[in-house]
$ cat structure.csv   # CSV, N, CA and C atoms
chain,number,residue,atom,x,y,z
A,1,MET,N,-0.8,21.8,7.0
A,1,MET,CA,-1.2,20.8,6.1
A,1,MET,C,-0.4,19.5,6.4
A,2,ILE,N,-1.0,18.4,6.4
A,2,ILE,CA,-0.4,17.1,6.6
A,2,ILE,C,0.0,16.5,5.3
A,3,LYS,N,1.3,16.1,5.2
A,3,LYS,CA,1.8,15.6,3.9
A,3,LYS,C,1.8,14.1,4.0
A,4,VAL,N,1.0,13.4,3.2
A,4,VAL,CA,1.0,11.9,3.2
A,4,VAL,C,2.1,11.4,2.2
A,5,LYS,N,2.6,10.2,2.5
A,5,LYS,CA,3.6,9.6,1.6
A,5,LYS,C,2.9,8.8,0.5
A,6,ARG,N,1.9,8.0,0.9
A,6,ARG,CA,1.2,7.2,0.0
A,6,ARG,C,-0.1,6.6,0.5
A,7,LEU,N,-0.9,6.3,-0.5
A,7,LEU,CA,-2.2,5.6,-0.2
A,7,LEU,C,-1.8,4.2,0.3
A,8,ARG,N,-2.4,3.7,1.4
A,8,ARG,CA,-2.1,2.4,1.9
A,8,ARG,C,-3.2,1.4,1.7
A,9,HIS,N,-4.4,1.7,2.2
A,9,HIS,CA,-5.5,0.8,2.0
A,9,HIS,C,-6.9,1.5,2.0
A,10,ALA,N,-7.9,0.9,1.4
A,10,ALA,CA,-9.2,1.5,1.4
A,10,ALA,C,-10.2,0.5,2.0
A,11,THR,N,-11.4,1.0,2.4
A,11,THR,CA,-12.4,0.2,3.0
A,11,THR,C,-13.7,0.4,2.2
A,12,PHE,N,-14.3,-0.7,1.8
A,12,PHE,CA,-15.6,-0.6,1.1
A,12,PHE,C,-16.7,-1.5,1.9
A,13,THR,N,-17.9,-1.0,1.9
A,13,THR,CA,-19.0,-1.8,2.4
A,13,THR,C,-19.7,-2.5,1.2
A,14,SER,N,-20.3,-3.6,1.5
A,14,SER,CA,-21.1,-4.3,0.5
A,14,SER,C,-22.2,-5.2,1.2
A,15,PRO,N,-23.4,-5.3,0.6
A,15,PRO,CA,-24.4,-6.2,1.1
A,15,PRO,C,-24.0,-7.6,0.8
A,16,ASN,N,-23.2,-7.8,-0.2
A,16,ASN,CA,-22.8,-9.2,-0.6
A,16,ASN,C,-21.3,-9.3,-0.5
A,17,ILE,N,-20.9,-9.4,0.7
A,17,ILE,CA,-19.4,-9.4,0.9
A,17,ILE,C,-18.7,-10.7,0.3
A,18,GLU,N,-19.5,-11.8,0.3
A,18,GLU,CA,-18.9,-13.0,-0.3
A,18,GLU,C,-18.6,-12.9,-1.8
A,19,ALA,N,-19.5,-12.2,-2.5
A,19,ALA,CA,-19.3,-12.0,-3.9
A,19,ALA,C,-18.1,-11.1,-4.2
A,20,GLN,N,-18.0,-10.0,-3.3
A,20,GLN,CA,-16.9,-9.1,-3.4
A,20,GLN,C,-15.6,-9.8,-3.1
A,21,LEU,N,-15.6,-10.6,-2.1
A,21,LEU,CA,-14.4,-11.4,-1.7
A,21,LEU,C,-14.0,-12.3,-2.8
A,22,ASP,N,-14.9,-13.0,-3.4
A,22,ASP,CA,-14.6,-13.9,-4.5
A,22,ASP,C,-14.0,-13.2,-5.7
A,23,TYR,N,-14.5,-12.0,-6.0
A,23,TYR,CA,-14.0,-11.2,-7.1
A,23,TYR,C,-12.6,-10.7,-6.8
A,24,TYR,N,-12.3,-10.2,-5.6
A,24,TYR,CA,-11.0,-9.6,-5.3
A,24,TYR,C,-10.0,-10.8,-5.1
A,25,GLN,N,-10.4,-12.0,-4.8
A,25,GLN,CA,-9.5,-13.1,-4.7
A,25,GLN,C,-9.2,-13.7,-6.1
A,26,SER,N,-10.3,-14.0,-6.8
A,26,SER,CA,-10.2,-14.7,-8.1
A,26,SER,C,-9.7,-13.8,-9.3
A,27,VAL,N,-10.2,-12.6,-9.3
A,27,VAL,CA,-9.8,-11.7,-10.4
A,27,VAL,C,-8.6,-10.8,-10.1
A,28,ILE,N,-8.7,-10.1,-9.0
A,28,ILE,CA,-7.6,-9.2,-8.7
A,28,ILE,C,-6.4,-9.8,-8.1
A,29,GLY,N,-6.6,-11.0,-7.4
A,29,GLY,CA,-5.5,-11.7,-6.9
A,29,GLY,C,-5.1,-11.3,-5.5
A,30,LEU,N,-6.0,-10.8,-4.7
A,30,LEU,CA,-5.7,-10.5,-3.3
A,30,LEU,C,-5.9,-11.7,-2.4
A,31,GLY,N,-5.1,-11.8,-1.3
A,31,GLY,CA,-5.3,-12.9,-0.4
A,31,GLY,C,-5.9,-12.4,0.9
A,32,VAL,N,-6.6,-13.3,1.6
A,32,VAL,CA,-7.2,-13.0,2.9
A,32,VAL,C,-6.1,-12.9,3.9
A,33,ILE,N,-6.0,-11.8,4.6
A,33,ILE,CA,-5.1,-11.6,5.8
A,33,ILE,C,-5.8,-12.0,7.1
A,34,GLU,N,-7.1,-11.6,7.1
A,34,GLU,CA,-7.9,-11.8,8.4
A,34,GLU,C,-9.3,-11.7,8.1
A,35,ARG,N,-10.1,-12.6,8.7
A,35,ARG,CA,-11.6,-12.6,8.6
A,35,ARG,C,-12.1,-12.5,10.0
A,36,SER,N,-13.2,-11.7,10.1
A,36,SER,CA,-14.0,-11.6,11.4
A,36,SER,C,-15.4,-11.5,10.9
A,37,ASP,N,-16.3,-11.4,11.9
A,37,ASP,CA,-17.7,-11.3,11.6
A,37,ASP,C,-18.0,-10.1,10.8
A,38,GLY,N,-18.4,-10.2,9.5
A,38,GLY,CA,-18.7,-9.1,8.6
A,38,GLY,C,-17.6,-8.2,8.2
A,39,ARG,N,-16.4,-8.7,8.3
A,39,ARG,CA,-15.2,-8.0,7.8
A,39,ARG,C,-14.1,-8.9,7.3
A,40,VAL,N,-13.5,-8.5,6.2
A,40,VAL,CA,-12.4,-9.3,5.6
A,40,VAL,C,-11.3,-8.3,5.2
A,41,LEU,N,-10.1,-8.6,5.6
A,41,LEU,CA,-9.0,-7.8,5.2
A,41,LEU,C,-8.1,-8.5,4.2
A,42,LEU,N,-7.8,-7.8,3.1
A,42,LEU,CA,-7.1,-8.5,2.0
A,42,LEU,C,-5.8,-7.8,1.7
A,43,GLY,N,-4.8,-8.6,1.2
A,43,GLY,CA,-3.5,-8.0,0.9
A,43,GLY,C,-2.9,-8.6,-0.3
A,44,THR,N,-1.8,-8.0,-0.7
A,44,THR,CA,-1.2,-8.4,-2.0
A,44,THR,C,-0.2,-9.6,-1.8
A,45,GLU,N,0.4,-10.0,-2.9
A,45,GLU,CA,1.4,-11.1,-2.8
A,45,GLU,C,2.6,-10.6,-2.1
A,46,SER,N,2.8,-9.3,-2.0
A,46,SER,CA,4.0,-8.7,-1.3
A,46,SER,C,3.6,-8.4,0.2
A,47,ASP,N,2.5,-9.0,0.7
A,47,ASP,CA,2.1,-9.0,2.1
A,47,ASP,C,1.8,-7.6,2.5
A,48,GLU,N,1.2,-6.8,1.7
A,48,GLU,CA,0.8,-5.4,2.0
A,48,GLU,C,-0.8,-5.4,2.1
A,49,LEU,N,-1.3,-4.9,3.2
A,49,LEU,CA,-2.8,-4.7,3.3
A,49,LEU,C,-3.2,-3.7,2.3
A,50,THR,N,-4.2,-4.0,1.5
A,50,THR,CA,-4.7,-3.0,0.5
A,50,THR,C,-6.2,-2.8,0.5
A,51,LEU,N,-7.0,-3.7,1.0
A,51,LEU,CA,-8.4,-3.6,0.9
A,51,LEU,C,-9.1,-4.2,2.1
A,52,VAL,N,-10.1,-3.5,2.7
A,52,VAL,CA,-10.9,-4.0,3.8
A,52,VAL,C,-12.3,-4.0,3.2
A,53,LEU,N,-13.0,-5.2,3.3
A,53,LEU,CA,-14.4,-5.3,2.9
A,53,LEU,C,-15.2,-5.5,4.2
A,54,GLU,N,-16.3,-4.7,4.3
A,54,GLU,CA,-17.2,-4.7,5.5
A,54,GLU,C,-18.6,-4.9,5.0
A,55,ARG,N,-19.3,-5.7,5.7
A,55,ARG,CA,-20.7,-5.9,5.4
A,55,ARG,C,-21.5,-4.6,5.7
A,56,GLY,N,-22.3,-4.2,4.7
A,56,GLY,CA,-23.1,-3.0,4.8
A,56,GLY,C,-24.3,-3.1,4.0
A,57,ALA,N,-25.3,-2.2,4.2
A,57,ALA,CA,-26.6,-2.2,3.5
A,57,ALA,C,-26.4,-1.9,2.0
A,58,ALA,N,-25.4,-1.1,1.7
A,58,ALA,CA,-25.2,-0.7,0.3
A,58,ALA,C,-23.7,-0.6,0.0
A,59,PRO,N,-23.3,-0.8,-1.3
A,59,PRO,CA,-21.9,-0.7,-1.7
A,59,PRO,C,-21.5,0.8,-1.5
A,60,TYR,N,-20.4,1.0,-0.8
A,60,TYR,CA,-20.0,2.3,-0.5
A,60,TYR,C,-18.6,2.4,0.0
A,61,PRO,N,-17.8,3.3,-0.5
A,61,PRO,CA,-16.4,3.5,0.0
A,61,PRO,C,-16.5,4.2,1.4
A,62,THR,N,-16.0,3.6,2.4
A,62,THR,CA,-16.2,4.2,3.8
A,62,THR,C,-14.9,4.8,4.3
A,63,SER,N,-13.7,4.3,4.0
A,63,SER,CA,-12.5,4.9,4.5
A,63,SER,C,-11.3,4.7,3.6
A,64,ILE,N,-10.3,5.5,3.8
A,64,ILE,CA,-9.1,5.4,3.1
A,64,ILE,C,-8.0,5.7,4.1
A,65,ALA,N,-6.9,4.9,4.0
A,65,ALA,CA,-5.8,5.0,4.9
A,65,ALA,C,-4.5,5.5,4.2
A,66,TYR,N,-3.9,6.5,4.8
A,66,TYR,CA,-2.6,7.0,4.2
A,66,TYR,C,-1.5,6.8,5.1
A,67,GLU,N,-0.3,6.5,4.6
A,67,GLU,CA,0.9,6.5,5.3
A,67,GLU,C,1.5,7.9,5.3
A,68,VAL,N,2.0,8.3,6.5
A,68,VAL,CA,2.7,9.6,6.6
A,68,VAL,C,4.2,9.2,7.0
A,69,ALA,N,5.0,10.2,7.0
A,69,ALA,CA,6.4,10.0,7.3
A,69,ALA,C,6.6,9.4,8.7
A,70,PRO,N,7.6,8.5,8.8
A,70,PRO,CA,7.8,7.8,10.1
A,70,PRO,C,8.1,8.6,11.3
A,71,ASN,N,8.5,9.8,11.1
A,71,ASN,CA,8.9,10.7,12.2
A,71,ASN,C,7.7,11.5,12.7
A,72,LEU,N,6.5,11.4,12.1
A,72,LEU,CA,5.4,12.2,12.5
A,72,LEU,C,4.6,11.4,13.6
A,73,ASP,N,4.4,12.2,14.7
A,73,ASP,CA,3.7,11.7,15.9
A,73,ASP,C,2.2,11.9,15.7
A,74,PRO,N,1.4,10.8,16.0
A,74,PRO,CA,-0.1,11.0,15.8
A,74,PRO,C,-0.6,12.2,16.7
A,75,ALA,N,0.0,12.3,17.9
A,75,ALA,CA,-0.5,13.4,18.8
A,75,ALA,C,-0.2,14.8,18.2
A,76,ASP,N,0.9,14.9,17.5
A,76,ASP,CA,1.2,16.2,16.9
A,76,ASP,C,0.2,16.4,15.7
A,77,LEU,N,0.0,15.4,14.9
A,77,LEU,CA,-1.0,15.5,13.8
A,77,LEU,C,-2.4,15.9,14.3
A,78,GLN,N,-2.7,15.3,15.5
A,78,GLN,CA,-4.0,15.6,16.1
A,78,GLN,C,-4.1,17.0,16.5
A,79,LYS,N,-3.1,17.6,17.0
A,79,LYS,CA,-3.1,19.0,17.3
A,79,LYS,C,-3.2,19.9,16.1
A,80,SER,N,-2.6,19.5,15.0
A,80,SER,CA,-2.7,20.2,13.7
A,80,SER,C,-4.1,20.2,13.2
A,81,LEU,N,-4.8,19.1,13.3
A,81,LEU,CA,-6.2,19.0,12.9
A,81,LEU,C,-7.1,19.8,13.8
A,82,ALA,N,-6.8,19.8,15.1
A,82,ALA,CA,-7.6,20.5,16.1
A,82,ALA,C,-7.5,22.0,15.8
A,83,SER,N,-6.4,22.5,15.3
A,83,SER,CA,-6.3,23.9,15.0
A,83,SER,C,-7.1,24.3,13.8
A,84,LEU,N,-7.6,23.3,13.0
A,84,LEU,CA,-8.5,23.5,11.9
A,84,LEU,C,-9.9,23.1,12.2
A,85,ASP,N,-10.2,22.9,13.5
A,85,ASP,CA,-11.5,22.5,14.0
A,85,ASP,C,-11.9,21.2,13.5
A,86,ILE,N,-11.0,20.3,13.3
A,86,ILE,CA,-11.3,18.9,12.9
A,86,ILE,C,-11.1,18.0,14.1
A,87,LYS,N,-12.1,17.3,14.5
A,87,LYS,CA,-12.0,16.4,15.6
A,87,LYS,C,-11.4,15.1,15.1
A,88,SER,N,-10.5,14.5,15.9
A,88,SER,CA,-9.9,13.2,15.5
A,88,SER,C,-9.6,12.4,16.8
A,89,GLU,N,-9.3,11.2,16.6
A,89,GLU,CA,-8.9,10.4,17.7
A,89,GLU,C,-7.8,9.4,17.3
A,90,ILE,N,-6.9,9.1,18.3
A,90,ILE,CA,-5.9,8.1,18.1
A,90,ILE,C,-6.4,6.8,18.5
A,91,ARG,N,-6.3,5.8,17.5
A,91,ARG,CA,-6.8,4.4,17.8
A,91,ARG,C,-5.7,3.4,17.6
A,92,SER,N,-5.8,2.4,18.4
A,92,SER,CA,-4.8,1.3,18.3
A,92,SER,C,-5.3,0.1,17.5
A,93,ASP,N,-4.5,-0.5,16.7
A,93,ASP,CA,-4.8,-1.7,16.0
A,93,ASP,C,-6.0,-1.6,15.1
A,94,THR,N,-6.1,-0.6,14.3
A,94,THR,CA,-7.2,-0.4,13.4
A,94,THR,C,-7.3,-1.5,12.3
A,95,ALA,N,-6.1,-2.1,12.0
A,95,ALA,CA,-6.0,-3.2,11.1
A,95,ALA,C,-4.7,-4.0,11.4
A,96,PRO,N,-4.6,-5.2,10.9
A,96,PRO,CA,-3.4,-6.0,11.2
A,96,PRO,C,-2.1,-5.2,10.6
A,97,GLY,N,-1.1,-5.1,11.4
A,97,GLY,CA,0.1,-4.5,11.0
A,97,GLY,C,0.1,-3.0,11.2
A,98,ILE,N,-1.0,-2.4,11.8
A,98,ILE,CA,-1.0,-1.0,12.0
A,98,ILE,C,-1.3,-0.8,13.5
A,99,PRO,N,-0.2,-0.5,14.3
A,99,PRO,CA,-0.4,-0.4,15.7
A,99,PRO,C,-1.1,0.8,16.2
A,100,LYS,N,-0.9,2.0,15.5
A,100,LYS,CA,-1.6,3.2,15.9
A,100,LYS,C,-1.9,4.1,14.7
A,101,ALA,N,-3.1,4.6,14.7
A,101,ALA,CA,-3.6,5.5,13.6
A,101,ALA,C,-4.3,6.7,14.2
A,102,LEU,N,-4.3,7.8,13.5
A,102,LEU,CA,-5.1,8.9,13.8
A,102,LEU,C,-6.3,8.9,12.8
A,103,VAL,N,-7.5,8.9,13.4
A,103,VAL,CA,-8.7,8.7,12.6
A,103,VAL,C,-9.6,10.0,12.7
A,104,PHE,N,-10.1,10.4,11.5
A,104,PHE,CA,-11.1,11.5,11.5
A,104,PHE,C,-11.9,11.4,10.2
A,105,ASP,N,-12.9,12.2,10.1
A,105,ASP,CA,-13.8,12.2,8.9
A,105,ASP,C,-13.6,13.4,8.0
A,106,ASP,N,-13.7,13.1,6.7
A,106,ASP,CA,-13.7,14.2,5.7
A,106,ASP,C,-15.1,14.9,5.7
A,107,PRO,N,-15.2,16.0,5.0
A,107,PRO,CA,-16.5,16.6,5.0
A,107,PRO,C,-17.7,15.8,4.5
A,108,ASP,N,-17.5,14.7,3.7
A,108,ASP,CA,-18.6,13.9,3.3
A,108,ASP,C,-18.8,12.7,4.2
A,109,GLY,N,-18.0,12.6,5.3
A,109,GLY,CA,-18.2,11.5,6.3
A,109,GLY,C,-17.4,10.3,6.0
A,110,HIS,N,-16.5,10.3,5.0
A,110,HIS,CA,-15.5,9.2,4.8
A,110,HIS,C,-14.5,9.2,5.9
A,111,ARG,N,-14.2,8.1,6.4
A,111,ARG,CA,-13.2,8.0,7.5
A,111,ARG,C,-11.8,8.1,6.9
A,112,ILE,N,-10.9,8.9,7.4
A,112,ILE,CA,-9.5,9.0,7.0
A,112,ILE,C,-8.7,8.5,8.1
A,113,GLU,N,-7.7,7.6,7.8
A,113,GLU,CA,-6.8,7.1,8.8
A,113,GLU,C,-5.4,7.5,8.3
A,114,LEU,N,-4.6,8.0,9.3
A,114,LEU,CA,-3.2,8.4,9.0
A,114,LEU,C,-2.3,7.6,10.0
A,115,PHE,N,-1.3,7.0,9.5
A,115,PHE,CA,-0.4,6.2,10.3
A,115,PHE,C,1.0,6.3,9.8
A,116,SER,N,2.0,6.2,10.7
A,116,SER,CA,3.4,6.3,10.3
A,116,SER,C,4.2,5.0,10.3
A,117,ARG,N,3.7,4.0,11.0
A,117,ARG,CA,4.3,2.7,11.1
A,117,ARG,C,3.4,1.6,10.7
A,118,TRP,N,3.9,0.7,10.0
A,118,TRP,CA,3.1,-0.5,9.6
A,118,TRP,C,4.0,-1.7,9.4
A,119,GLU,N,3.4,-2.9,9.4
A,119,GLU,CA,4.2,-4.1,9.2
A,119,GLU,C,3.5,-4.9,8.1
A,120,PHE,N,4.3,-5.8,7.5
A,120,PHE,CA,3.8,-6.6,6.4
A,120,PHE,C,2.8,-7.6,7.1
A,121,CYS,N,1.8,-8.1,6.3
A,121,CYS,CA,0.8,-9.0,6.7
A,121,CYS,C,0.7,-10.2,5.8
A,122,LYS,N,1.0,-11.3,6.3
A,122,LYS,CA,0.9,-12.5,5.4
A,122,LYS,C,-0.5,-13.0,5.2
A,123,ALA,N,-0.9,-13.4,4.0
A,123,ALA,CA,-2.2,-13.9,3.7
A,123,ALA,C,-2.3,-15.3,4.4
A,124,VAL,N,-3.5,-15.6,4.9
A,124,VAL,CA,-3.8,-16.8,5.6
A,124,VAL,C,-4.5,-17.8,4.6
A,125,GLU,N,-4.9,-17.3,3.4
A,125,GLU,CA,-5.5,-18.1,2.4
A,125,GLU,C,-4.7,-17.9,1.1
A,126,PRO,N,-4.6,-18.9,0.2
A,126,PRO,CA,-3.8,-18.8,-1.0
A,126,PRO,C,-4.2,-17.6,-1.9
A,127,ILE,N,-3.2,-17.0,-2.5
A,127,ILE,CA,-3.5,-15.9,-3.4
A,127,ILE,C,-3.6,-16.5,-4.8
A,128,ARG,N,-4.6,-16.0,-5.5
A,128,ARG,CA,-4.9,-16.5,-6.9
A,128,ARG,C,-5.3,-15.3,-7.7
A,129,GLY,N,-5.6,-15.5,-8.9
A,129,GLY,CA,-6.0,-14.4,-9.8
A,129,GLY,C,-4.8,-13.7,-10.3
A,130,LEU,N,-4.9,-12.4,-10.6
A,130,LEU,CA,-3.9,-11.6,-11.3
A,130,LEU,C,-2.7,-11.3,-10.3
A,131,ALA,N,-2.9,-11.3,-9.0
A,131,ALA,CA,-1.9,-11.1,-8.0
A,131,ALA,C,-1.2,-9.7,-8.2
A,132,VAL,N,-2.0,-8.6,-7.9
A,132,VAL,CA,-1.5,-7.3,-8.0
A,132,VAL,C,-0.4,-7.1,-7.0
A,133,ALA,N,0.5,-6.1,-7.2
A,133,ALA,CA,1.6,-5.9,-6.3
A,133,ALA,C,1.3,-5.0,-5.2
A,134,LYS,N,0.5,-3.9,-5.4
A,134,LYS,CA,0.2,-3.0,-4.3
A,134,LYS,C,-0.9,-2.0,-4.8
A,135,LEU,N,-1.5,-1.3,-3.8
A,135,LEU,CA,-2.5,-0.3,-4.1
A,135,LEU,C,-1.8,0.9,-4.6
A,136,GLY,N,-2.2,1.4,-5.7
A,136,GLY,CA,-1.5,2.6,-6.2
A,136,GLY,C,-2.3,3.9,-6.1
A,137,HIS,N,-3.0,4.2,-7.2
A,137,HIS,CA,-3.8,5.5,-7.2
A,137,HIS,C,-5.2,5.2,-7.8

$ encode --input "structure.csv" --output "structure tokens"
Amino acid sequence: MIKVKRLRHATFTSPNIEAQLDYYQSVIGLGVIERSDGRVLLGTESDELTLVLERGAAPYPTSIAYEVAPNLDPADLQKSLASLDIKSEIRSDTAPGIPKALVFDDPDGHRIELFSRWEFCKAVEPIRGLAVAKLGH
């Protein structure tokens, strides 16, 4: 069993990414960390990545990322998953501030990302709204 330390960020798809972006900026108070074609990464006032919005045909939660203990090696975690017949891969730079993550799917096809090291991410656009502190539960 892999023991996670905390929930770090979630990814949602939306056919109307601009409306979702406006909501999470104006109401929840997240700031844009990075934008690319069809993808926006949002963080808190404390510079922590908490939400990834991706353009998709329907609104759907697609992935969740967990932080594990800093001494856990992704290759060792991958071996543990393989012993349970779970296929996974180690990926680099899955999001700003996350240099390496172990990625696999849960039984419903939601992507799970595990990583042990991360860095703070400054917003590149002003934070407004309620300005939440971090993603909790």

$ atom_distance --input "structure.csv" --atom1 "atom CA of A:Ile98" --atom2 "atom N of A:Glu48"
12.0 Å

$ closest_residue --input "structure.csv" --among "A:Lys79, A:His9, A:Arg128, A:Arg55" --to "A:Thr94" --atoms "only C-alpha atoms"
A:His9

$ closest_atom_pairs --input "structure.csv" --of "stretch 47-88 of chain A" --to "stretch 102-123 of chain A" --cutoff "5 Å" --atoms "all atoms listed in the file" --output "Markdown table"
| residue | atom | partner | partner_atom | distance |
| --- | --- | --- | --- | --- |
| A:Asp47 | C | A:Cys121 | N | 3.8 |
| A:Glu48 | N | A:Cys121 | N | 4.8 |
| A:Thr62 | C | A:Arg111 | N | 4.0 |
| A:Ser63 | CA | A:Arg111 | C | 4.1 |
| A:Ile64 | C | A:Glu113 | N | 4.2 |
| A:Ala65 | CA | A:Glu113 | C | 4.2 |
| A:Tyr66 | N | A:Glu113 | C | 3.9 |
| A:Glu67 | CA | A:Phe115 | C | 4.5 |
| A:Val68 | N | A:Phe115 | C | 4.0 |
| A:Ala69 | C | A:Ser116 | CA | 4.7 |
| A:Pro70 | CA | A:Ser116 | C | 4.6 |
| A:Ser88 | CA | A:Val103 | C | 4.3 |

$ closest_residue --input "structure.csv" --among "A:Val124, A:Leu51, A:Leu81, A:Leu72" --to "A:Ala10" --atoms "only N, CA and C atoms"
A:Leu51

$ select_by_dssp --input "structure.csv" --residues "chain A" --states "helix (DSSP H, G or I)" --output "ChimeraX atom specification"
/A:17-28,74-82

$ closest_residue --input "structure.csv" --among "A:Ile33, A:Ile90, A:Leu53, A:Leu41" --to "A:Ile17" --atoms "only C-alpha atoms"
A:Leu53

$ atom_distance --input "structure.csv" --atom1 "atom C of A:Glu45" --atom2 "atom C of A:Val27"
13.8 Å

$ atom_distance --input "structure.csv" --atom1 "atom CA of A:Tyr23" --atom2 "atom C of A:Asp93"
25.5 Å

$ closest_residue --input "structure.csv" --among "A:Glu89, A:Glu18, A:Asp73, A:Glu125" --to "A:Val32" --atoms "only C-alpha atoms"
A:Glu125

$ select_by_dssp --input "structure.csv" --residues "stretch 1-136 of chain A" --states "strand (DSSP E)" --output "number ranges by chain"
A: 4-14, 31-36, 39-43, 49-55, 60-68, 88-95, 98-105, 111-115

$ closest_residue --input "structure.csv" --among "A:Ser92, A:Thr11, A:Pro99, A:Gly43" --to "A:Gly31" --atoms "all atoms listed in the file"
A:Gly43
